[in-house]
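J.: Structure provided below as structure tokens; questions to follow.
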Amino acid sequence: MCPCHDATLFDLRSSWEAGYRHPETLKRATAVFMGPCQGKLCGKVAGDVIAALQGAAEPEERRPSVRPPLFPVRMGDLAYEDESKPAGGAA
Amino acid sequence: MTSAHPDEPVAFTFEGRTLSARPGQSIASAILQSGTPVLTRSFKYRRPRGYTCGYDICGNCPVTINGLPGVTSCTTPVRGGEVVRRERGWPSTDRDLLRATDLMARFVPAGFQFRLFRSRPRLAHLAEKVMGRVAGAGRFPTPQAARAVRTRTEVDAADVLVVGGGISGCAAALGAAGTGASVTLVHPGRLGGRANARDSIVTHDRETAPAAEVAGRLASAVLAHDDIRVVDGFVMSYFETGMIPVVADGLVLECRPKHLVVATGSYDVPGLFPGNDKPGVVLADGVSKLLRVDRVVPWRRAVVMTDGGRGRPLADQLEQAGVEVVAIVVQRGAGASPEPGPGPADRQLDDERVLLGTVRAARGARVLRAVDVEVDGRVRTIRADLLCVALAPRPANDLALQRQYVTAGTTQTVGGGWAGADLSASTPGMSVVGSAAGWTSDDPDRAHAVGAAAGSGSGSTQGK
Amino acid sequence: MTLPGVATGRPKAGYDVVVVGAGVQGLATAYELARSGVTNVAVLDRSWPGGGASGRNGEMIRSAFSSREWAQLFDLSLRRFSELSAELDFNILFSPSGYLVLSTTDEELRRQDLVAAKQAEYGVQSEILDAAEVRRLVPHANPELARGGIFQRRAGFAHHDAVVWGYLRAAARAGVSVFSGVDVHAVLTSGGRVTGVRTDGGDIAADIVVNAAGAYSDDLNLTADVHLPLVKARLEMIVTEPVKPFLRCAVATPHLLGYCHQTARGEFVGGTELPGHDETDSLNTTYHMLRDMATKWVRLFPDLGGVRILRNWAGTVSQAPDLAPVLGEAPGVSGYHLSIAWVYGFMGAPAAGRLLAESITTGRVPAVMAPFEARRLIEGRSIAESTLVVTTDGRS
Ligand SMILES: Cc1cc2nc3c(=O)[nH]c(=O)nc-3n(C[C@H](O)[C@H](O)[C@H](O)COP(=O)(O)OP(=O)(O)OC[C@H]3O[C@@H](n4cnc5c(N)ncnc54)[C@H](O)[C@@H]3O)c2cc1C
Ligand code: FES
């Protein structure tokens, strides 16, 4: 279901049965939304499954936050060479 | 950079073998072409994984290139001379003895680790360590590769930032630049995006033409425009203070535009059935890209699965490439097509390949061998090496959502966000265009108009 | 219901004890209360249990601190962590892989012998490492920064959600009712005594109220007219894709204001800070902290330059000027107990929960807990601890 973390429909359903009934807690129980794609791939399907479990058209709660970075980014790409450069850039 | 004409083939090394490719063709496509469908193994159960989405969305295709792990092979072009290897699997990615069977997976559902060894902490610790070795095995950068990842940071002063260089993004950028505003357009890889591989018909400037052709024309106009800076990279996030950093090759660009145009397109949606992660189960745009952009045809017999109007165009592309399409499964209860182009309805029943039914499973020990389709309560097993999943896509709404978090002051109070349609509306400082906004067909003229409004709204029209 | 162990239905009109906040602090306290026989307890949270800092932290656990107060409190916690999985009947994935506080500056190197000697005096075992030993322990660390350190072998990290879930389930089994989706608007008092709480669903009576509201604990205090010099602060972290095991133990570097470890799955998890605090309760992350983290972690582990960051998140805590927690009955309001101002509140929870429950049930303040009472802040005293990786105003 969520290929990033091998979360299966079975995982989602059994976690739901066990009582993880909020998208945020389901996310923490099954790791959906937490892989490299952050739900780009599994988001729609996960939403559909949660909605179905809730018996609704769309989940009642907000979807788990879309955290930065939108695409995985290498740490070296974000490291300042010169440490004296105040982190904060052009802020 | 992808060249317009196929140049001399270039060579790279893949696990000791020399593979040849057209320059610009993706690494994944070249590996597929060489007859290797398994690109990596999954994290927990070590299930074989292969090319799936084509657009750096699924995470099923990372490989190690020149000592750097986790390189998305479906979007990384072959340049020549690379040393490429796969990452997970013992003794190899093809045959992994640590692979958990589907049956075993039932006994280690999410959370199983919290039940195990609760009174044997030492054993638990050991088990964790073994798990870690298995999960991360073979993935670590070489010191040289790690130290070569460097960037310089630059401030981008453009008035308008357009994120996404598909048909809508290019048109919006041209619209904004036409008002005299300075524009930066960010897009990973070749401009045109998904449209480069599509045959749908688009109306632009009162003329109609195939999407790929319109995309090409818009891309050339963008590249020729003096006031549009094109950056091959991706937006990292929308941060507080309106900071939108862009990561490109060797460069981090700090953008704080007066106006943001979100033209991030759509994501293909996977089907929900057992085996949907098997190599050979490929999402529609990934299929088109492989056929049309990478020009690789690694399949012979295809089943196309659809819930609307995208099935037939995909079947046509496959047949043109010499792939036999044995069935087009139109999922029951499917709605109308929300996809670009008029395309004939998939439900057309004069085609005996059309089955009104449901895909029940993708079969095959390692890669796809057959598809189980249920029609009228009976399950048929259809032999195929490709299951093309052509469901209605969903808007790529992540960036727009993140902007809402910042506007709201925290992530927690922003509701919805599941379907993305709730973000289609433009708000001060941000416009959403194209399939990111849920538009059901490419409409470059409309995107151009939105871009023009963004440009003049950004307040720096110099009356060109 | 949001999690296994969370009660269905609405709270009753009254309880013996109401705990505000179902973070690790509130849940540990409720669990320990139930264990000592007080089971008519409600834990109220407006969000899901663990939705605050308890589910967003760096998971690091140690007791090798430089001050007697910190060392003794956290050593009790550390001992509890190693028995918790069996006791809660839930594997909290405690990894006693060791905890290294790096010495990077001349000053830190000079002081490390003294600090370790003090730890020995407080009964906390630690080892002094020289440059070669540190290099053997963390071979991927930049030798310019890894010049020495204090290593605590028994310490390490645990799974933060598992600790919350374990306490939650065990508390629920013991009779505690944990409610999610209940917002506490005020602590009700009368004549210097607590009488209950006001929630969005009405008033709930209780003779004992525990404030374990994390970042929002000061807001709650104000409703009870308790004034302490606390600020909200945002902390941020990153997690990378899984890589081969390269970092055995948890590492804190006071010089870089950073703390990190590698999870069992191979993900590198790290957070850093900048001098001064980021006073907000926003859970958005910031660009400048993301770059700060990347810069510092690549500097400490140059090979990480080639590893991809997958996610970046933020959490919020409340802080006292001396960065030490506030534990015990609030000055001036009897029956109103505090377990707040936690900056190291994940590692401190097993001890704090036990001590606070003990002081509530017996009416006597355990010696280990006494130094952390709120009075110190009102009287302007502070607990001096030198091995922290957080900063007070503008000072590192
Ligand atoms: C990024 C980060 C890294 C950290 N790293 C470490 C570490 O490595 N080691 C360590 O020991 N500590 C660490 N900490 C600190 C640690 O996470 C906290 O000190 C600890 O979690 C505090 O627990 P708590 O239960 O007091 O608060 P929280 O977990 O924040 O719980 C408070 C709860 O109260 C609820 N609440 C608040 N107000 C109300 C109200 N009015 N009504 C109802 N409910 C309310 C909230 O919803 C929340 O669930 C870190 C913190 C952060 C943010
Ligand atoms: S990310 Fe490469 S195929 Fe999906």
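Simple scheme: letters A, B, ... for chains in structure tokens order, numbers from 1 for residues in each chain, numbers from 1 for ligands in the order shown.
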Excluding range 169-175 of chain C and its own-chain neighbours fewer than 3 positions away, which residues fall within 6 Å of it when counting only C-alpha atoms? Please give them as a list in words.
T.: Gly5, Tyr31, Ala34, Thr39, Leu88 and Gly166 of chain C
J.: Taking N, CA, C and O atoms for each residue, export the selection above as an mmCIF file, in the first residue's frame.
T.:
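The result, stored in again-v4.cif:
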```cif
data_model
loop_
_atom_site.group_PDB
_atom_site.id
_atom_site.type_symbol
_atom_site.label_atom_id
_atom_site.label_comp_id
_atom_site.auth_asym_id
_atom_site.auth_seq_id
_atom_site.Cartn_x
_atom_site.Cartn_y
_atom_site.Cartn_z
ATOM 1 N N GLY C 5 -6.069 2.428 23.975
ATOM 2 C CA GLY C 5 -5.924 2.869 25.365
ATOM 3 C C GLY C 5 -6.662 4.166 25.625
ATOM 4 O O GLY C 5 -6.902 4.525 26.773
ATOM 5 N N TYR C 31 0.109 6.817 35.115
ATOM 6 C CA TYR C 31 0.415 5.392 35.285
ATOM 7 C C TYR C 31 0.936 5.119 36.693
ATOM 8 O O TYR C 31 0.506 4.166 37.354
ATOM 9 N N ALA C 34 -1.778 5.320 39.280
ATOM 10 C CA ALA C 34 -2.613 4.119 39.281
ATOM 11 C C ALA C 34 -1.885 2.964 39.950
ATOM 12 O O ALA C 34 -2.477 2.174 40.681
ATOM 13 N N THR C 39 -6.685 5.298 41.156
ATOM 14 C CA THR C 39 -7.079 4.944 39.787
ATOM 15 C C THR C 39 -8.206 5.813 39.239
ATOM 16 O O THR C 39 -8.517 5.742 38.055
ATOM 17 N N LEU C 88 5.673 -2.503 31.388
ATOM 18 C CA LEU C 88 4.505 -2.003 30.654
ATOM 19 C C LEU C 88 3.935 -3.060 29.713
ATOM 20 O O LEU C 88 2.911 -2.857 29.097
ATOM 21 N N GLY C 166 3.152 2.762 25.329
ATOM 22 C CA GLY C 166 3.304 1.796 26.414
ATOM 23 C C GLY C 166 2.701 2.324 27.705
ATOM 24 O O GLY C 166 1.920 1.639 28.369
#
```
J.: Quick check: residues of chain C within 8 Å of chain A, only C-alpha atoms, returned as an mmCIF file with all heavy atoms, in the first residue's frame.
T.:
```
data_model
loop_
_atom_site.group_PDB
_atom_site.id
_atom_site.type_symbol
_atom_site.label_atom_id
_atom_site.label_comp_id
_atom_site.auth_asym_id
_atom_site.auth_seq_id
_atom_site.Cartn_x
_atom_site.Cartn_y
_atom_site.Cartn_z
ATOM 1 N N MET C 1 -11.854 7.777 19.465
ATOM 2 C CA MET C 1 -10.610 7.118 19.869
ATOM 3 C C MET C 1 -9.519 7.432 18.846
ATOM 4 O O MET C 1 -9.741 7.417 17.652
ATOM 5 C CB MET C 1 -10.830 5.612 19.944
ATOM 6 C CG MET C 1 -9.587 4.882 20.375
ATOM 7 S SD MET C 1 -9.887 3.270 21.119
ATOM 8 C CE MET C 1 -10.860 2.427 19.893
ATOM 9 N N THR C 2 -8.351 7.767 19.331
ATOM 10 C CA THR C 2 -7.256 8.035 18.425
ATOM 11 C C THR C 2 -6.142 7.026 18.561
ATOM 12 O O THR C 2 -5.321 6.891 17.684
ATOM 13 C CB THR C 2 -6.671 9.429 18.693
ATOM 14 O OG1 THR C 2 -6.334 9.504 20.081
ATOM 15 C CG2 THR C 2 -7.644 10.519 18.357
ATOM 16 N N LEU C 3 -6.089 6.321 19.677
ATOM 17 C CA LEU C 3 -5.004 5.383 19.939
ATOM 18 C C LEU C 3 -5.521 4.287 20.860
ATOM 19 O O LEU C 3 -6.436 4.522 21.650
ATOM 20 C CB LEU C 3 -3.871 6.094 20.682
ATOM 21 C CG LEU C 3 -2.829 6.868 19.902
ATOM 22 C CD1 LEU C 3 -1.958 7.646 20.842
ATOM 23 C CD2 LEU C 3 -1.988 5.924 19.071
ATOM 24 N N PRO C 4 -4.908 3.106 20.787
ATOM 25 C CA PRO C 4 -5.311 2.055 21.715
ATOM 26 C C PRO C 4 -5.054 2.501 23.150
ATOM 27 O O PRO C 4 -3.949 2.938 23.468
ATOM 28 C CB PRO C 4 -4.384 0.882 21.358
ATOM 29 C CG PRO C 4 -3.838 1.188 20.006
ATOM 30 C CD PRO C 4 -3.867 2.660 19.859
ATOM 31 N N GLY C 5 -6.069 2.428 23.975
ATOM 32 C CA GLY C 5 -5.924 2.869 25.365
ATOM 33 C C GLY C 5 -6.662 4.166 25.625
ATOM 34 O O GLY C 5 -6.902 4.525 26.773
ATOM 35 N N TRP C 48 -4.007 14.286 20.094
ATOM 36 C CA TRP C 48 -3.856 12.851 20.360
ATOM 37 C C TRP C 48 -2.678 12.649 21.315
ATOM 38 O O TRP C 48 -1.737 13.438 21.300
ATOM 39 C CB TRP C 48 -3.678 12.074 19.066
ATOM 40 C CG TRP C 48 -2.380 12.326 18.358
ATOM 41 C CD1 TRP C 48 -1.232 11.601 18.479
ATOM 42 C CD2 TRP C 48 -2.073 13.378 17.427
ATOM 43 N NE1 TRP C 48 -0.240 12.132 17.695
ATOM 44 C CE2 TRP C 48 -0.726 13.227 17.038
ATOM 45 C CE3 TRP C 48 -2.815 14.445 16.888
ATOM 46 C CZ2 TRP C 48 -0.103 14.092 16.142
ATOM 47 C CZ3 TRP C 48 -2.177 15.306 16.001
ATOM 48 C CH2 TRP C 48 -0.855 15.120 15.637
ATOM 49 N N ASP C 161 7.412 7.181 20.360
ATOM 50 C CA ASP C 161 5.993 6.812 20.305
ATOM 51 C C ASP C 161 5.723 5.578 21.162
ATOM 52 O O ASP C 161 4.697 5.486 21.837
ATOM 53 C CB ASP C 161 5.564 6.529 18.859
ATOM 54 C CG ASP C 161 5.480 7.799 18.032
ATOM 55 O OD1 ASP C 161 5.168 8.856 18.610
ATOM 56 O OD2 ASP C 161 5.733 7.741 16.815
ATOM 57 N N GLU C 241 17.370 9.139 5.026
ATOM 58 C CA GLU C 241 17.059 7.792 4.547
ATOM 59 C C GLU C 241 17.923 6.798 5.318
ATOM 60 O O GLU C 241 18.955 7.176 5.876
ATOM 61 C CB GLU C 241 17.361 7.706 3.052
ATOM 62 C CG GLU C 241 18.844 7.967 2.742
ATOM 63 C CD GLU C 241 19.109 8.135 1.252
ATOM 64 O OE1 GLU C 241 18.405 7.513 0.461
ATOM 65 O OE2 GLU C 241 20.024 8.890 0.902
ATOM 66 N N THR C 285 8.565 24.176 10.248
ATOM 67 C CA THR C 285 10.018 24.193 10.386
ATOM 68 C C THR C 285 10.557 25.409 9.645
ATOM 69 O O THR C 285 9.833 26.055 8.900
ATOM 70 C CB THR C 285 10.642 22.926 9.790
ATOM 71 O OG1 THR C 285 10.280 22.851 8.424
ATOM 72 C CG2 THR C 285 10.164 21.698 10.527
ATOM 73 N N TYR C 287 13.742 27.360 7.359
ATOM 74 C CA TYR C 287 14.841 27.163 6.427
ATOM 75 C C TYR C 287 16.189 27.325 7.110
ATOM 76 O O TYR C 287 17.097 26.515 6.916
ATOM 77 C CB TYR C 287 14.679 28.169 5.286
ATOM 78 C CG TYR C 287 15.837 28.228 4.330
ATOM 79 C CD1 TYR C 287 16.184 27.108 3.580
ATOM 80 C CD2 TYR C 287 16.564 29.399 4.159
ATOM 81 C CE1 TYR C 287 17.236 27.163 2.692
ATOM 82 C CE2 TYR C 287 17.614 29.454 3.277
ATOM 83 C CZ TYR C 287 17.952 28.335 2.540
ATOM 84 O OH TYR C 287 19.000 28.386 1.665
ATOM 85 N N HIS C 288 16.317 28.325 7.956
ATOM 86 C CA HIS C 288 17.654 28.563 8.504
ATOM 87 C C HIS C 288 18.062 27.455 9.466
ATOM 88 O O HIS C 288 19.234 27.098 9.546
ATOM 89 C CB HIS C 288 17.779 29.955 9.135
ATOM 90 C CG HIS C 288 17.059 30.118 10.440
ATOM 91 N ND1 HIS C 288 15.732 30.456 10.512
ATOM 92 C CD2 HIS C 288 17.484 29.975 11.707
ATOM 93 C CE1 HIS C 288 15.376 30.521 11.785
ATOM 94 N NE2 HIS C 288 16.419 30.232 12.537
ATOM 95 N N MET C 289 17.103 26.826 10.161
ATOM 96 C CA MET C 289 17.477 25.707 11.029
ATOM 97 C C MET C 289 17.820 24.470 10.206
ATOM 98 O O MET C 289 18.720 23.711 10.555
ATOM 99 C CB MET C 289 16.360 25.387 12.022
ATOM 100 C CG MET C 289 16.265 26.310 13.213
ATOM 101 S SD MET C 289 17.844 26.642 14.049
ATOM 102 C CE MET C 289 18.349 24.998 14.541
ATOM 103 N N LEU C 290 17.130 24.288 9.110
ATOM 104 C CA LEU C 290 17.438 23.143 8.249
ATOM 105 C C LEU C 290 18.882 23.255 7.744
ATOM 106 O O LEU C 290 19.649 22.289 7.759
ATOM 107 C CB LEU C 290 16.450 23.105 7.083
ATOM 108 C CG LEU C 290 16.557 21.929 6.112
ATOM 109 C CD1 LEU C 290 16.532 20.597 6.844
ATOM 110 C CD2 LEU C 290 15.429 21.984 5.098
ATOM 111 N N ARG C 291 19.254 24.460 7.365
ATOM 112 C CA ARG C 291 20.636 24.649 6.884
ATOM 113 C C ARG C 291 21.625 24.544 8.033
ATOM 114 O O ARG C 291 22.740 24.044 7.852
ATOM 115 C CB ARG C 291 20.745 25.988 6.169
ATOM 116 C CG ARG C 291 19.855 25.983 4.948
ATOM 117 C CD ARG C 291 20.407 26.551 3.716
ATOM 118 N NE ARG C 291 21.693 26.094 3.290
ATOM 119 C CZ ARG C 291 22.270 26.515 2.180
ATOM 120 N NH1 ARG C 291 21.667 27.399 1.425
ATOM 121 N NH2 ARG C 291 23.450 26.063 1.823
ATOM 122 N N ASP C 292 21.214 25.004 9.190
ATOM 123 C CA ASP C 292 22.101 24.893 10.345
ATOM 124 C C ASP C 292 22.364 23.415 10.658
ATOM 125 O O ASP C 292 23.499 23.012 10.902
ATOM 126 C CB ASP C 292 21.458 25.586 11.546
ATOM 127 C CG ASP C 292 22.384 25.597 12.760
ATOM 128 O OD1 ASP C 292 23.452 26.224 12.667
ATOM 129 O OD2 ASP C 292 22.051 24.964 13.781
ATOM 130 N N MET C 293 21.297 22.626 10.618
ATOM 131 C CA MET C 293 21.458 21.197 10.918
ATOM 132 C C MET C 293 22.355 20.550 9.879
ATOM 133 O O MET C 293 23.287 19.815 10.220
ATOM 134 C CB MET C 293 20.083 20.518 10.975
ATOM 135 C CG MET C 293 19.283 20.967 12.195
ATOM 136 S SD MET C 293 17.786 20.003 12.460
ATOM 137 C CE MET C 293 16.601 20.944 11.536
ATOM 138 N N ALA C 294 22.083 20.808 8.608
ATOM 139 C CA ALA C 294 22.897 20.192 7.559
ATOM 140 C C ALA C 294 24.362 20.605 7.717
ATOM 141 O O ALA C 294 25.266 19.784 7.644
ATOM 142 C CB ALA C 294 22.363 20.589 6.183
ATOM 143 N N THR C 295 24.579 21.877 7.961
ATOM 144 C CA THR C 295 25.951 22.375 8.075
ATOM 145 C C THR C 295 26.682 21.685 9.220
ATOM 146 O O THR C 295 27.803 21.193 9.061
ATOM 147 C CB THR C 295 25.935 23.904 8.313
ATOM 148 O OG1 THR C 295 25.228 24.513 7.233
ATOM 149 C CG2 THR C 295 27.349 24.463 8.371
ATOM 150 N N LYS C 296 26.028 21.637 10.375
ATOM 151 C CA LYS C 296 26.708 21.072 11.533
ATOM 152 C C LYS C 296 26.891 19.563 11.406
ATOM 153 O O LYS C 296 27.942 19.030 11.762
ATOM 154 C CB LYS C 296 25.930 21.398 12.804
ATOM 155 C CG LYS C 296 26.074 22.871 13.203
ATOM 156 C CD LYS C 296 25.119 23.208 14.316
ATOM 157 C CE LYS C 296 25.332 24.630 14.828
ATOM 158 N NZ LYS C 296 24.258 25.012 15.767
ATOM 159 N N VAL C 298 27.105 17.745 8.677
ATOM 160 C CA VAL C 298 28.125 17.425 7.670
ATOM 161 C C VAL C 298 29.509 17.752 8.217
ATOM 162 O O VAL C 298 30.478 17.065 7.936
ATOM 163 C CB VAL C 298 27.846 18.179 6.351
ATOM 164 C CG1 VAL C 298 29.012 18.040 5.386
ATOM 165 C CG2 VAL C 298 26.575 17.646 5.704
ATOM 166 N N LEU C 304 28.010 12.212 5.753
ATOM 167 C CA LEU C 304 26.572 12.481 5.652
ATOM 168 C C LEU C 304 26.248 13.461 4.531
ATOM 169 O O LEU C 304 25.097 13.578 4.124
ATOM 170 C CB LEU C 304 26.029 13.025 6.977
ATOM 171 C CG LEU C 304 25.838 12.006 8.095
ATOM 172 C CD1 LEU C 304 25.276 12.696 9.334
ATOM 173 C CD2 LEU C 304 24.912 10.881 7.655
ATOM 174 N N GLY C 305 27.244 14.158 4.039
ATOM 175 C CA GLY C 305 27.009 15.062 2.906
ATOM 176 C C GLY C 305 26.339 14.347 1.743
ATOM 177 O O GLY C 305 25.576 14.939 0.994
ATOM 178 N N GLY C 306 26.597 13.059 1.615
ATOM 179 C CA GLY C 306 26.029 12.297 0.501
ATOM 180 C C GLY C 306 24.762 11.547 0.856
ATOM 181 O O GLY C 306 24.307 10.710 0.090
ATOM 182 N N VAL C 307 24.196 11.842 2.007
ATOM 183 C CA VAL C 307 22.987 11.129 2.441
ATOM 184 C C VAL C 307 21.787 12.070 2.366
ATOM 185 O O VAL C 307 21.899 13.253 2.675
ATOM 186 C CB VAL C 307 23.183 10.586 3.877
ATOM 187 C CG1 VAL C 307 21.912 9.954 4.407
ATOM 188 C CG2 VAL C 307 24.334 9.570 3.886
ATOM 189 N N ARG C 308 20.660 11.533 1.968
ATOM 190 C CA ARG C 308 19.486 12.393 1.734
ATOM 191 C C ARG C 308 18.644 12.599 2.995
ATOM 192 O O ARG C 308 18.358 11.648 3.718
ATOM 193 C CB ARG C 308 18.602 11.791 0.634
ATOM 194 C CG ARG C 308 19.311 11.710 -0.709
ATOM 195 C CD ARG C 308 18.391 11.212 -1.789
ATOM 196 N NE ARG C 308 17.821 9.902 -1.469
ATOM 197 C CZ ARG C 308 16.772 9.381 -2.088
ATOM 198 N NH1 ARG C 308 16.165 10.055 -3.050
ATOM 199 N NH2 ARG C 308 16.321 8.200 -1.755
ATOM 200 N N ILE C 309 18.265 13.825 3.209
ATOM 201 C CA ILE C 309 17.314 14.158 4.268
ATOM 202 C C ILE C 309 15.917 13.830 3.751
ATOM 203 O O ILE C 309 15.535 14.269 2.672
ATOM 204 C CB ILE C 309 17.383 15.659 4.616
ATOM 205 C CG1 ILE C 309 18.775 16.023 5.125
ATOM 206 C CG2 ILE C 309 16.296 16.036 5.626
ATOM 207 C CD1 ILE C 309 18.975 17.517 5.311
ATOM 208 N N LEU C 310 15.181 13.057 4.519
ATOM 209 C CA LEU C 310 13.829 12.716 4.081
ATOM 210 C C LEU C 310 12.780 13.633 4.684
ATOM 211 O O LEU C 310 11.792 13.956 4.045
ATOM 212 C CB LEU C 310 13.470 11.282 4.477
ATOM 213 C CG LEU C 310 14.206 10.150 3.789
ATOM 214 C CD1 LEU C 310 13.514 8.846 4.093
ATOM 215 C CD2 LEU C 310 14.279 10.372 2.289
ATOM 216 N N ARG C 311 12.976 14.000 5.944
ATOM 217 C CA ARG C 311 11.946 14.787 6.585
ATOM 218 C C ARG C 311 12.557 15.707 7.617
ATOM 219 O O ARG C 311 13.620 15.442 8.168
ATOM 220 C CB ARG C 311 10.916 13.879 7.274
ATOM 221 C CG ARG C 311 9.554 13.956 6.680
ATOM 222 C CD ARG C 311 8.661 12.770 7.007
ATOM 223 N NE ARG C 311 9.295 11.719 7.737
ATOM 224 C CZ ARG C 311 9.124 11.516 9.041
ATOM 225 N NH1 ARG C 311 8.352 12.304 9.742
ATOM 226 N NH2 ARG C 311 9.730 10.502 9.625
ATOM 227 N N ASN C 312 11.841 16.729 7.921
ATOM 228 C CA ASN C 312 12.284 17.767 8.822
ATOM 229 C C ASN C 312 11.027 18.154 9.595
ATOM 230 O O ASN C 312 9.980 18.322 9.006
ATOM 231 C CB ASN C 312 12.789 18.908 7.913
ATOM 232 C CG ASN C 312 13.007 20.231 8.588
ATOM 233 O OD1 ASN C 312 12.709 21.257 7.992
ATOM 234 N ND2 ASN C 312 13.517 20.235 9.787
ATOM 235 N N TRP C 313 11.132 18.160 10.928
ATOM 236 C CA TRP C 313 9.926 18.501 11.691
ATOM 237 C C TRP C 313 10.276 19.367 12.886
ATOM 238 O O TRP C 313 11.456 19.566 13.186
ATOM 239 C CB TRP C 313 9.172 17.238 12.117
ATOM 240 C CG TRP C 313 9.822 16.449 13.196
ATOM 241 C CD1 TRP C 313 9.630 16.608 14.536
ATOM 242 C CD2 TRP C 313 10.774 15.393 13.054
ATOM 243 N NE1 TRP C 313 10.397 15.706 15.232
ATOM 244 C CE2 TRP C 313 11.118 14.953 14.354
ATOM 245 C CE3 TRP C 313 11.385 14.777 11.953
ATOM 246 C CZ2 TRP C 313 12.040 13.924 14.579
ATOM 247 C CZ3 TRP C 313 12.292 13.761 12.187
ATOM 248 C CH2 TRP C 313 12.606 13.347 13.480
#
```
J.: Write down as an MDAnalysis selection string the residues belonging to range 183-245 of chain B that are assigned strand (DSSP E) by DSSP computed on the backbone.
T.: chainID B and resid 183:187 201:204 207:210 228:235 244:245
J.: Hey, which residues come within 6 Å of ligand 2 if we count only C-alpha atoms and all ligand atoms? Could you give them as a VMD selection string?
T.: chain B and resid 51 to 61 72 to 74
J.: Go through the chains and note each residue within 7 Å of ligand 1, using only C-alpha atoms and all ligand atoms, then give the set as number ranges by chain.
T.: C: 20-26, 44-61, 182-185, 212-217, 220, 234-237, 259, 271, 314-317, 339-340, 342-348
J.: Write out as a ChimeraX atom specification which residues come within 12 Å of Ala46 in chain A when counting only C-alpha atoms, dropping same-chain ones fewer than 5 positions away.
T.: /A:1-3,7-13,22-24,26-27,30-33,38-41,51-53,58-59,63-64 /B:269-272,418-419
J.: Given the choices C:Val41, C:Thr104, C:Tyr122, C:Thr362, which gets closest to Val178 in chain C if the distance is worked out from only C-alpha atoms?
T.: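 Comparing C:Val41, C:Thr104, C:Tyr122, C:Thr362 against Val178 in chain C, the winner is C:Val41.
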J.: Using only C-alpha atoms, which protein or nucleic acid residues come within 9 Å of Phe157 in chain C? Drop anything in the same chain fewer than 4 positions from it, and give the result as an mmCIF file with C-alpha atoms, in the first residue's frame.
T.:
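Result saved to out.cif:
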```
data_model
loop_
_atom_site.group_PDB
_atom_site.id
_atom_site.type_symbol
_atom_site.label_atom_id
_atom_site.label_comp_id
_atom_site.auth_asym_id
_atom_site.auth_seq_id
_atom_site.Cartn_x
_atom_site.Cartn_y
_atom_site.Cartn_z
ATOM 1 C CA GLY C 58 15.290 13.190 19.654
ATOM 2 C CA GLU C 59 14.640 10.104 21.811
ATOM 3 C CA MET C 60 17.938 10.466 23.622
ATOM 4 C CA ILE C 61 18.442 9.190 27.153
ATOM 5 C CA ARG C 62 21.308 9.669 29.603
ATOM 6 C CA LEU C 93 12.684 -0.331 21.938
ATOM 7 C CA PHE C 94 15.148 0.989 24.472
ATOM 8 C CA SER C 95 18.605 0.788 22.946
ATOM 9 C CA PRO C 96 21.333 0.982 25.584
ATOM 10 C CA SER C 97 23.949 1.658 22.931
ATOM 11 C CA GLY C 98 25.721 4.317 24.917
ATOM 12 C CA TYR C 99 25.648 8.092 24.980
ATOM 13 C CA CYS C 249 25.764 5.396 20.172
ATOM 14 C CA ALA C 250 23.835 8.579 20.810
ATOM 15 C CA HIS C 261 21.669 9.052 16.871
ATOM 16 C CA THR C 263 17.911 4.387 14.592
ATOM 17 C CA MET C 347 14.426 10.942 29.232
#
```
J.: For chain C against chain B, which residues fall within 6 Å using only C-alpha atoms, given as a VMD selection string?
T.: chain C and resid 85 to 86 89 to 91 95 242 to 244 264 to 266 282 to 284 286 303 305 to 306
J.: Near Asp199 in chain B, within 7 Å and counting only C-alpha atoms, which residues show up once chain neighbours fewer than 3 positions away are dropped, as a ChimeraX atom specification?
T.: /B:210-212
J.: Would you mind writing down, as an MDAnalysis selection string, each residue of range 151-326 of chain B that DSSP on the backbone assigns to alpha helix (DSSP H)?
T.: chainID B and resid 167:177 211:224 284:288 311:320
J.: Which one is closest to chain A: B:Gly286, B:Gly242, B:Gly165, B:Gly415? Count only C-alpha atoms.
T.: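 Checking each of B:Gly286, B:Gly242, B:Gly165, B:Gly415 against chain A, counting only C-alpha atoms, the winner is B:Gly415.
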J.: Record the distance separating CA of Leu222 in chain C and CA of Leu27 in chain C, expressed in Å with one decimal.
T.: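 So the answer is 22.6 Å.
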J.: So, counting only C-alpha atoms, which residue among C:His277, C:Glu144, C:Ala349, C:Leu300 is closest to Leu84 in chain C?
T.: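 Nearest to Leu84 in chain C: C:Ala349.
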J.: List the neighbours of range 25-31 of chain B out to 9 Å using only C-alpha atoms; skip same-chain residues closer than 5 positions along the sequence, and give me the result as a PyMOL selection string.
T.: chain B and resi 2+14+19-20+36-37+39+50-51+54+61-63+72-79+84+290+293-298
